[in-house]
file work_11.txt (compact mmCIF, C-alpha atoms and all ligand atoms)
# COMPACT_ATOMS: atom_id res chain seq x y z
CA MET U 1382 107.44 93.53 85.09
CA LYS U 1383 103.89 94.89 84.96
CA ILE U 1384 103.14 98.24 86.48
CA TYR U 1385 99.88 99.81 87.61
CA ILE U 1386 99.28 103.39 86.54
CA ASN U 1387 95.92 105.04 87.16
CA GLY U 1388 93.78 101.93 86.88
CA GLU U 1389 95.71 100.23 84.10
CA ILE U 1390 98.24 97.43 84.27
CA LEU U 1391 100.97 98.16 81.75
CA GLU U 1392 104.14 96.50 80.57
CA GLN U 1393 107.17 98.24 82.09
CA GLU U 1394 108.19 99.82 78.75
CA ASN U 1395 104.76 101.41 78.40
CA ALA U 1396 104.48 102.56 82.01
CA LYS U 1397 105.29 106.24 81.62
CA ILE U 1398 104.36 109.56 83.12
CA SER U 1399 104.89 113.08 81.84
CA VAL U 1400 108.20 114.90 82.23
CA LEU U 1401 106.10 117.85 83.41
CA ASP U 1402 104.82 115.90 86.39
CA HIS U 1403 105.96 117.72 89.53
CA GLY U 1404 106.85 114.35 91.00
CA LEU U 1405 109.80 114.48 88.60
CA LEU U 1406 110.40 118.23 88.49
CA TYR U 1407 110.31 118.80 92.25
CA GLY U 1408 110.06 115.45 94.02
CA ASP U 1409 106.52 116.59 94.75
CA GLY U 1410 104.61 113.48 95.67
CA VAL U 1411 104.40 110.75 98.28
CA PHE U 1412 105.22 107.08 98.46
CA GLU U 1413 105.01 103.94 100.57
CA GLY U 1414 106.98 100.71 100.68
CA LEU U 1415 105.03 97.62 101.73
CA ARG U 1416 105.64 93.90 101.94
CA ALA U 1417 103.46 90.99 100.94
CA TYR U 1418 103.96 87.67 102.69
CA CYS U 1419 102.16 84.59 101.37
CA GLY U 1420 99.92 86.81 99.23
CA LYS U 1421 98.87 89.04 102.14
CA VAL U 1422 100.06 92.61 102.59
CA PHE U 1423 101.59 93.16 106.03
CA ARG U 1424 99.92 95.98 107.98
CA LEU U 1425 98.15 97.35 104.91
CA GLU U 1426 95.89 99.69 106.90
CA GLU U 1427 98.87 101.30 108.65
CA HIS U 1428 100.64 101.87 105.33
CA LEU U 1429 97.50 103.39 103.80
CA ASP U 1430 97.09 105.62 106.88
CA ARG U 1431 100.66 106.84 106.46
CA LEU U 1432 100.25 107.41 102.71
CA TRP U 1433 97.07 109.39 103.21
CA ASP U 1434 98.64 111.39 106.06
CA SER U 1435 101.72 112.17 103.93
CA ALA U 1436 99.44 113.29 101.07
CA LYS U 1437 97.38 115.43 103.43
CA GLY U 1438 100.55 117.16 104.63
CA LEU U 1439 101.39 118.06 101.04
CA LEU U 1440 97.78 118.89 100.09
CA ILE U 1441 97.73 116.14 97.48
CA LYS U 1442 94.33 114.57 96.94
CA ILE U 1443 94.78 110.89 96.23
CA PRO U 1444 92.35 110.32 93.37
CA ILE U 1445 91.20 106.85 94.45
CA SER U 1446 89.73 105.50 97.67
CA ARG U 1447 91.61 103.35 100.17
CA GLY U 1448 89.52 100.39 99.06
CA GLN U 1449 90.44 101.00 95.44
CA MET U 1450 94.11 101.32 96.42
CA ALA U 1451 93.94 97.98 98.25
CA GLU U 1452 92.32 96.35 95.19
CA ALA U 1453 94.91 97.91 92.88
CA ILE U 1454 97.72 96.48 95.05
CA ASP U 1455 96.19 93.00 94.79
CA LYS U 1456 95.74 93.40 91.05
CA THR U 1457 99.41 94.40 90.65
CA LEU U 1458 100.62 91.47 92.76
CA VAL U 1459 98.52 89.02 90.73
CA ALA U 1460 99.63 90.54 87.39
CA ASN U 1461 103.25 89.98 88.43
CA ASP U 1462 102.60 86.58 90.00
CA ILE U 1463 104.09 87.77 93.29
CA SER U 1464 102.92 86.46 96.64
CA ASP U 1465 106.09 87.31 98.58
CA GLY U 1466 107.60 90.63 97.62
CA TYR U 1467 107.86 94.35 97.95
CA ILE U 1468 105.24 96.86 96.83
CA ARG U 1469 105.93 100.50 96.08
CA LEU U 1470 103.01 102.94 96.03
CA VAL U 1471 103.67 106.33 94.46
CA VAL U 1472 101.31 109.28 94.15
CA THR U 1473 102.73 112.22 92.25
CA ARG U 1474 101.45 115.80 92.25
CA GLY U 1475 100.61 115.49 88.54
CA ILE U 1476 101.33 117.57 85.47
CA GLY U 1477 101.94 121.26 86.03
CA THR U 1478 103.84 124.21 84.66
CA LEU U 1479 107.55 124.83 85.13
CA GLY U 1480 106.78 126.98 88.16
CA LEU U 1481 106.39 125.71 91.71
CA ASP U 1482 102.62 126.28 91.82
CA ALA U 1483 101.12 123.05 93.00
CA HIS U 1484 97.58 124.37 92.52
CA LEU U 1485 98.20 124.53 88.76
CA CYS U 1486 98.92 120.80 88.70
CA GLU U 1487 96.35 118.34 87.52
CA ASN U 1488 95.69 114.67 87.95
CA PRO U 1489 97.91 113.14 90.60
CA GLN U 1490 99.30 109.92 89.16
CA VAL U 1491 98.93 106.68 91.10
CA ILE U 1492 101.68 104.18 90.38
CA ILE U 1493 102.14 100.72 91.89
CA ILE U 1494 105.26 98.66 91.36
CA ALA U 1495 105.62 95.15 92.79
CA ALA U 1496 108.89 93.28 92.76
CA LYS U 1497 110.56 90.29 94.27
CA LEU U 1498 112.66 91.68 97.03
CA ALA U 1499 116.43 92.09 97.00
CA LEU U 1500 116.84 92.00 100.79
CA TYR U 1501 120.21 92.40 102.37
CA PRO U 1502 122.15 89.19 101.68
CA LYS U 1503 121.30 86.37 104.12
CA GLU U 1504 124.83 86.40 105.57
CA LEU U 1505 124.36 89.98 106.79
CA TYR U 1506 121.43 88.81 108.94
CA GLU U 1507 123.73 86.20 110.44
CA LYS U 1508 126.82 88.39 110.77
CA GLY U 1509 125.22 91.80 111.31
CA LEU U 1510 125.79 95.16 109.65
CA ASP U 1511 128.64 97.59 110.01
CA ILE U 1512 127.32 101.16 109.82
CA VAL U 1513 128.69 104.68 110.17
CA THR U 1514 127.27 108.03 111.26
CA ALA U 1515 126.55 110.29 108.31
CA GLY U 1516 127.44 113.98 108.43
CA THR U 1517 124.16 114.75 106.67
CA VAL U 1518 121.68 115.74 109.38
CA ARG U 1519 118.14 114.31 109.27
CA ASN U 1520 115.42 116.73 108.14
CA ASN U 1521 114.13 118.75 111.06
CA ASN U 1522 110.57 118.13 112.29
CA CYS U 1523 109.90 121.86 112.01
CA ALA U 1524 111.19 122.17 108.44
CA LEU U 1525 110.16 119.16 106.37
CA SER U 1526 108.65 116.60 108.69
CA PRO U 1527 110.27 113.17 108.42
CA GLN U 1528 106.70 111.87 108.96
CA ILE U 1529 105.94 112.89 105.38
CA LYS U 1530 107.21 110.13 103.14
CA SER U 1531 107.70 112.44 100.18
CA LEU U 1532 109.30 111.64 96.85
CA ASN U 1533 112.08 114.03 97.80
CA TYR U 1534 114.39 111.61 99.60
CA ILE U 1535 117.57 113.55 98.92
CA ASN U 1536 118.25 114.01 102.65
CA ASN U 1537 118.43 110.26 103.11
CA ILE U 1538 120.11 109.60 99.77
CA MET U 1539 123.00 111.91 100.69
CA ALA U 1540 123.47 110.08 104.00
CA LYS U 1541 123.26 106.73 102.22
CA MET U 1542 126.01 107.87 99.83
CA GLU U 1543 128.20 108.69 102.82
CA GLY U 1544 127.61 105.18 104.11
CA HIS U 1545 128.51 103.76 100.72
CA LEU U 1546 131.70 105.83 100.53
CA ALA U 1547 132.67 104.39 103.91
CA GLY U 1548 131.98 100.85 102.65
CA CYS U 1549 128.75 100.45 104.65
CA ALA U 1550 125.30 99.39 103.50
CA GLU U 1551 123.52 101.78 105.89
CA ALA U 1552 124.32 105.03 107.65
CA MET U 1553 123.05 106.40 110.94
CA MET U 1554 121.60 109.91 110.79
CA LEU U 1555 121.57 112.38 113.67
CA ASN U 1556 119.05 115.17 114.16
CA GLY U 1557 119.90 118.87 114.42
CA LYS U 1558 120.56 118.43 118.16
CA GLY U 1559 123.15 115.76 117.47
CA GLU U 1560 120.93 112.97 118.82
CA VAL U 1561 120.49 109.69 116.99
CA ALA U 1562 117.48 109.84 114.67
CA GLU U 1563 117.38 106.79 112.40
CA CYS U 1564 119.14 105.22 109.45
CA THR U 1565 118.54 106.27 105.84
CA GLY U 1566 115.74 103.78 105.21
CA ASP U 1567 115.35 102.05 108.56
CA ASN U 1568 114.63 102.85 112.20
CA ILE U 1569 117.23 102.08 114.84
CA PHE U 1570 116.92 100.22 118.16
CA ILE U 1571 119.39 99.41 120.90
CA VAL U 1572 119.27 96.99 123.82
CA LYS U 1573 121.12 97.87 127.03
CA SER U 1574 120.84 95.80 130.21
CA GLY U 1575 117.73 94.09 128.82
CA ILE U 1576 115.91 97.36 127.97
CA LEU U 1577 114.94 98.05 124.37
CA SER U 1578 115.17 101.71 123.30
CA THR U 1579 114.43 103.54 120.10
CA PRO U 1580 114.27 107.28 119.35
CA GLY U 1581 110.79 108.83 119.53
CA THR U 1582 109.18 111.13 116.97
CA GLU U 1583 110.71 114.22 118.61
CA SER U 1584 114.10 112.86 117.48
CA CYS U 1585 113.09 113.49 113.80
CA ILE U 1586 112.28 110.02 112.57
CA LEU U 1587 109.82 108.41 110.23
CA GLU U 1588 107.51 106.41 112.50
CA GLY U 1589 108.19 103.06 110.90
CA ILE U 1590 105.50 100.44 110.69
CA THR U 1591 108.04 97.70 111.41
CA ARG U 1592 109.22 99.78 114.39
CA ALA U 1593 105.65 99.85 115.76
CA ALA U 1594 105.33 96.09 115.24
CA VAL U 1595 108.61 95.49 117.10
CA LEU U 1596 107.49 97.64 120.04
CA GLU U 1597 104.26 95.61 120.21
CA ILE U 1598 106.22 92.36 120.08
CA ALA U 1599 108.51 93.60 122.85
CA ASP U 1600 105.44 94.23 125.04
CA GLU U 1601 104.07 90.81 124.17
CA LEU U 1602 107.37 89.09 125.01
CA GLY U 1603 107.85 91.10 128.18
CA VAL U 1604 110.91 93.02 126.96
CA PRO U 1605 110.89 96.43 128.71
CA ASN U 1606 110.94 99.12 126.05
CA ARG U 1607 110.94 102.87 125.70
CA GLN U 1608 111.00 105.60 123.11
CA THR U 1609 113.67 108.06 124.10
CA ALA U 1610 116.40 110.37 122.81
CA LEU U 1611 119.61 108.45 122.20
CA THR U 1612 123.17 109.71 121.85
CA ARG U 1613 125.87 108.10 119.78
CA GLN U 1614 127.48 106.99 123.04
CA ASP U 1615 124.25 105.15 123.94
CA VAL U 1616 124.62 103.26 120.67
CA TYR U 1617 128.37 102.63 121.08
CA SER U 1618 127.87 101.25 124.58
CA ALA U 1619 124.77 99.18 123.78
CA ASP U 1620 124.69 95.40 124.21
CA GLU U 1621 122.74 94.99 120.97
CA CYS U 1622 121.68 97.16 118.07
CA PHE U 1623 119.38 96.47 115.13
CA LEU U 1624 117.50 98.26 112.37
CA THR U 1625 113.90 97.84 111.25
CA GLY U 1626 112.13 98.49 107.98
CA SER U 1627 109.59 96.94 105.66
CA GLY U 1628 112.36 95.84 103.32
CA ALA U 1629 114.96 94.83 105.91
CA GLU U 1630 112.56 93.48 108.59
CA LEU U 1631 115.00 93.34 111.56
CA ILE U 1632 118.69 93.38 110.78
CA PRO U 1633 121.37 93.27 113.47
CA VAL U 1634 124.09 95.94 113.64
CA VAL U 1635 127.42 94.82 115.07
CA LYS U 1636 129.66 97.79 114.41
CA VAL U 1637 129.00 101.55 114.47
CA ASP U 1638 131.71 104.07 113.56
CA GLY U 1639 134.33 101.39 114.10
CA ARG U 1640 133.07 100.51 117.62
CA VAL U 1641 132.09 96.89 118.11
CA ILE U 1642 128.57 96.65 119.57
CA GLY U 1643 128.23 94.19 122.45
CA ASN U 1644 130.14 91.03 121.67
CA GLY U 1645 130.19 91.79 117.93
CA LYS U 1646 127.49 89.24 117.16
CA PRO U 1647 123.74 89.61 116.60
CA GLY U 1648 122.16 89.78 120.07
CA GLU U 1649 119.77 87.34 121.72
CA ILE U 1650 116.92 89.84 122.17
CA THR U 1651 117.32 90.94 118.54
CA LYS U 1652 117.00 87.30 117.45
CA LYS U 1653 113.98 86.70 119.67
CA LEU U 1654 112.19 89.78 118.34
CA HIS U 1655 113.01 88.89 114.75
CA ALA U 1656 111.74 85.34 115.14
CA ARG U 1657 108.41 86.61 116.49
CA PHE U 1658 108.23 89.26 113.75
CA HIS U 1659 108.75 86.56 111.14
CA GLN U 1660 105.86 84.57 112.65
CA LEU U 1661 103.64 87.65 112.72
CA THR U 1662 104.11 88.35 109.01
CA ARG U 1663 102.77 84.92 108.23
CA GLU U 1664 99.75 84.91 110.55
N1 LIG U 1701 112.94 105.45 108.22
C1 LIG U 1701 112.97 105.84 106.95
C2 LIG U 1701 113.63 107.13 106.61
C3 LIG U 1701 112.41 105.03 105.95
O1 LIG U 1701 112.45 105.43 104.68
C4 LIG U 1701 111.83 103.80 106.30
C5 LIG U 1701 111.25 102.91 105.25
N2 LIG U 1701 109.95 103.27 104.93
C6 LIG U 1701 111.81 103.44 107.65
C7 LIG U 1701 112.37 104.29 108.59
C8 LIG U 1701 111.17 102.17 108.11
O2 LIG U 1701 109.77 102.27 108.00
P1 LIG U 1701 108.84 101.00 107.78
O3 LIG U 1701 109.11 100.06 108.89
O4 LIG U 1701 107.46 101.56 107.82
O5 LIG U 1701 109.20 100.44 106.45

call {"tool": "encode", "arguments": {"input": "work_11.txt", "output": "structure tokens"}}
result
Amino acid sequence: MKIYINGEILEQENAKISVLDHGLLYGDGVFEGLRAYCGKVFRLEEHLDRLWDSAKGLLIKIPISRGQMAEAIDKTLVANDISDGYIRLVVTRGIGTLGLDAHLCENPQVIIIAAKLALYPKELYEKGLDIVTAGTVRNNNCALSPQIKSLNYINNIMAKMEGHLAGCAEAMMLNGKGEVAECTGDNIFIVKSGILSTPGTESCILEGITRAAVLEIADELGVPNRQTALTRQDVYSADECFLTGSGAELIPVVKVDGRVIGNGKPGEITKKLHARFHQLTRE
């Protein structure tokens, strides 16, 4: 695997950054996860917007332009001979002292990793996921905004571990009010009586780029949709449930906390939305 660091493409064993980088010491940095389909990055501008917004929130100055970042992504894909895969962008705070002072840090590091994607196994798309609610509450909008895709993902990692301990590949996270927020690396949607619903930003979610694409597709296909607070009961009593993310695309959920969702099979609206999403990624 060849990795981009600050303008250079390096072999994996030579791709290193300092142990004094605050990205390592404090999780001080930002990242993005993108997908390339047939050599083209899906919704590149939206991902760059989110990366730059995350960096702005943390007062990190990304040392290259958006155009240079886009070129660097292409260069990394070509170096790895990947036309369909996953791309990880990382910008760290840079090398500092052992203290928390971010203003003493120098040279944010720009890292790009491209890999062939290990999606959920195909059978899970056909059968659907079984998920559980995690006890770990999603970061509060007023504390550390879930809109900032920071390198400190411990909140989500703890919830993911709970899912794993319960034998599930994903876990549903609630916000401080006990409402459904999202899953650890995916947004959540339900369908009830033909209406598509997903929590809005006030529910403490990352505004997923796949989520936005799905809402657009729903409009295009005439599926009524809304962004609204959801309770666990809304999810339990839904006809369909699915998750969205750059890695997962759309994956059906058929069981939540032991409750069978709908008829226990991936729903028709879920399938329709996924089929159109699949087309869109290849346009
Ligand atoms: N929520 C969280 C917490 C995530 O980490 C991700 C993945 N980036 C998502 C939702 C889905 O976002 P996207 O569709 O932009 O990949």

call {"tool": "closest_residue", "arguments": {"input": "work_11.txt", "among": "U:Glu1583, U:Glu1630, U:Asp1511, U:Glu1621", "to": "Gln1608 (chain U)", "atoms": "all atoms listed in the file"}}
result
U:Glu1583

call {"tool": "residues_near_ligand", "arguments": {"input": "work_11.txt", "ligand": "ligand LIG 1701 (chain U)", "cutoff": "10 Å", "atoms": "all atoms listed in the file", "output": "ChimeraX atom specification"}}
result
/U:1412-1416,1424,1427-1428,1431,1519-1520,1527-1531,1534,1536-1538,1554,1562-1569,1585-1595,1624-1631

call {"tool": "closest_atom_pairs", "arguments": {"input": "work_11.txt", "of": "region 1429-1487 of chain U", "to": "region 1384-1397 of chain U", "cutoff": "9 Å", "atoms": "all atoms listed in the file", "output": "CSV"}}
result
residue,atom,partner,partner_atom,distance
U:Pro1444,CA,U:Asn1387,CA,8.9
U:Ile1445,CA,U:Asn1387,CA,8.9
U:Ala1453,CA,U:Gly1388,CA,7.3
U:Ile1454,CA,U:Tyr1385,CA,8.4
U:Lys1456,CA,U:Ile1390,CA,8.3
U:Thr1457,CA,U:Tyr1385,CA,6.2
U:Ala1460,CA,U:Ile1390,CA,7.7
U:Asn1461,CA,U:Ile1384,CA,8.5

call {"tool": "residues_near_point", "arguments": {"input": "work_11.txt", "point": "(106.0, 84.7, 94.6)", "cutoff": "8 Å", "atoms": "all atoms listed in the file", "output": "short mmCIF file (atom, residue, chain, number, x, y, z; two decimals) with C-alpha atoms, keeping the file's coordinate frame"}}
result
data_model
loop_
_atom_site.label_atom_id
_atom_site.label_comp_id
_atom_site.auth_asym_id
_atom_site.auth_seq_id
_atom_site.Cartn_x
_atom_site.Cartn_y
_atom_site.Cartn_z
CA CYS U 1419 102.16 84.59 101.37
CA GLY U 1420 99.92 86.81 99.23
CA ASP U 1462 102.60 86.58 90.00
CA ILE U 1463 104.09 87.77 93.29
CA SER U 1464 102.92 86.46 96.64
CA ASP U 1465 106.09 87.31 98.58
CA GLY U 1466 107.60 90.63 97.62
CA LYS U 1497 110.56 90.29 94.27
#

call {"tool": "axis_aligned_box", "arguments": {"input": "work_11.txt", "around": "region 1497-1508 of chain U", "padding_each_side": "3 Å", "output": "JSON"}}
result
{"center_x": 118.7, "center_y": 89.3, "center_z": 102.5, "size_x": 22.3, "size_y": 12.2, "size_z": 22.5}

call {"tool": "closest_residue", "arguments": {"input": "work_11.txt", "among": "U:Gly1559, U:Ile1492, U:Tyr1506, U:Gly1639", "to": "Lys1383 (chain U)", "atoms": "all atoms listed in the file"}}
result
U:Ile1492

call {"tool": "closest_residue", "arguments": {"input": "work_11.txt", "among": "U:Thr1478, U:Thr1514, U:Ser1578, U:Ser1526", "to": "Ala1550 (chain U)", "atoms": "only C-alpha atoms"}}
result
U:Thr1514

call {"tool": "atom_distance", "arguments": {"input": "work_11.txt", "atom1": "CA of Phe1570 (chain U)", "atom2": "CA of Gly1438 (chain U)"}}
result
27.2 Å

call {"tool": "atom_distance", "arguments": {"input": "work_11.txt", "atom1": "CA of Leu1505 (chain U)", "atom2": "CA of Gln1614 (chain U)"}}
result
23.7 Å

call {"tool": "atom_distance", "arguments": {"input": "work_11.txt", "atom1": "CA of Ile1632 (chain U)", "atom2": "CA of Lys1421 (chain U)"}}
result
22.1 Å

call {"tool": "residues_near_point", "arguments": {"input": "work_11.txt", "point": "(126.3, 108.0, 104.5)", "cutoff": "10 Å", "atoms": "all atoms listed in the file", "output": "PyMOL selection string"}}
result
chain U and resi 1512-1517+1537-1554+1564-1565

call {"tool": "write_last_selection", "arguments": {"input": "work_11.txt", "atoms": "C-alpha atoms", "output": "short mmCIF file (atom, residue, chain, number, x, y, z; two decimals), keeping the file's coordinate frame"}}
result
data_model
loop_
_atom_site.label_atom_id
_atom_site.label_comp_id
_atom_site.auth_asym_id
_atom_site.auth_seq_id
_atom_site.Cartn_x
_atom_site.Cartn_y
_atom_site.Cartn_z
CA ILE U 1512 127.32 101.16 109.82
CA VAL U 1513 128.69 104.68 110.17
CA THR U 1514 127.27 108.03 111.26
CA ALA U 1515 126.55 110.29 108.31
CA GLY U 1516 127.44 113.98 108.43
CA THR U 1517 124.16 114.75 106.67
CA ASN U 1537 118.43 110.26 103.11
CA ILE U 1538 120.11 109.60 99.77
CA MET U 1539 123.00 111.91 100.69
CA ALA U 1540 123.47 110.08 104.00
CA LYS U 1541 123.26 106.73 102.22
CA MET U 1542 126.01 107.87 99.83
CA GLU U 1543 128.20 108.69 102.82
CA GLY U 1544 127.61 105.18 104.11
CA HIS U 1545 128.51 103.76 100.72
CA LEU U 1546 131.70 105.83 100.53
CA ALA U 1547 132.67 104.39 103.91
CA GLY U 1548 131.98 100.85 102.65
CA CYS U 1549 128.75 100.45 104.65
CA ALA U 1550 125.30 99.39 103.50
CA GLU U 1551 123.52 101.78 105.89
CA ALA U 1552 124.32 105.03 107.65
CA MET U 1553 123.05 106.40 110.94
CA MET U 1554 121.60 109.91 110.79
CA CYS U 1564 119.14 105.22 109.45
CA THR U 1565 118.54 106.27 105.84
#

call {"tool": "closest_residue", "arguments": {"input": "work_11.txt", "among": "U:Ile1598, U:Thr1582, U:Val1561, U:Ile1398", "to": "Val1616 (chain U)", "atoms": "all atoms listed in the file"}}
result
U:Val1561

call {"tool": "residues_around", "arguments": {"input": "work_11.txt", "residues": "Pro1580 (chain U)", "least_positions_apart": "3", "cutoff": "6 Å", "atoms": "all atoms listed in the file", "output": "list in words"}}
result
Ser1584, Gln1608, Thr1609 and Ala1610 of chain U

call {"tool": "closest_residue", "arguments": {"input": "work_11.txt", "among": "U:Thr1579, U:Lys1646, U:Leu1432, U:Lys1442", "to": "Asn1488 (chain U)", "atoms": "only C-alpha atoms"}}
result
U:Lys1442
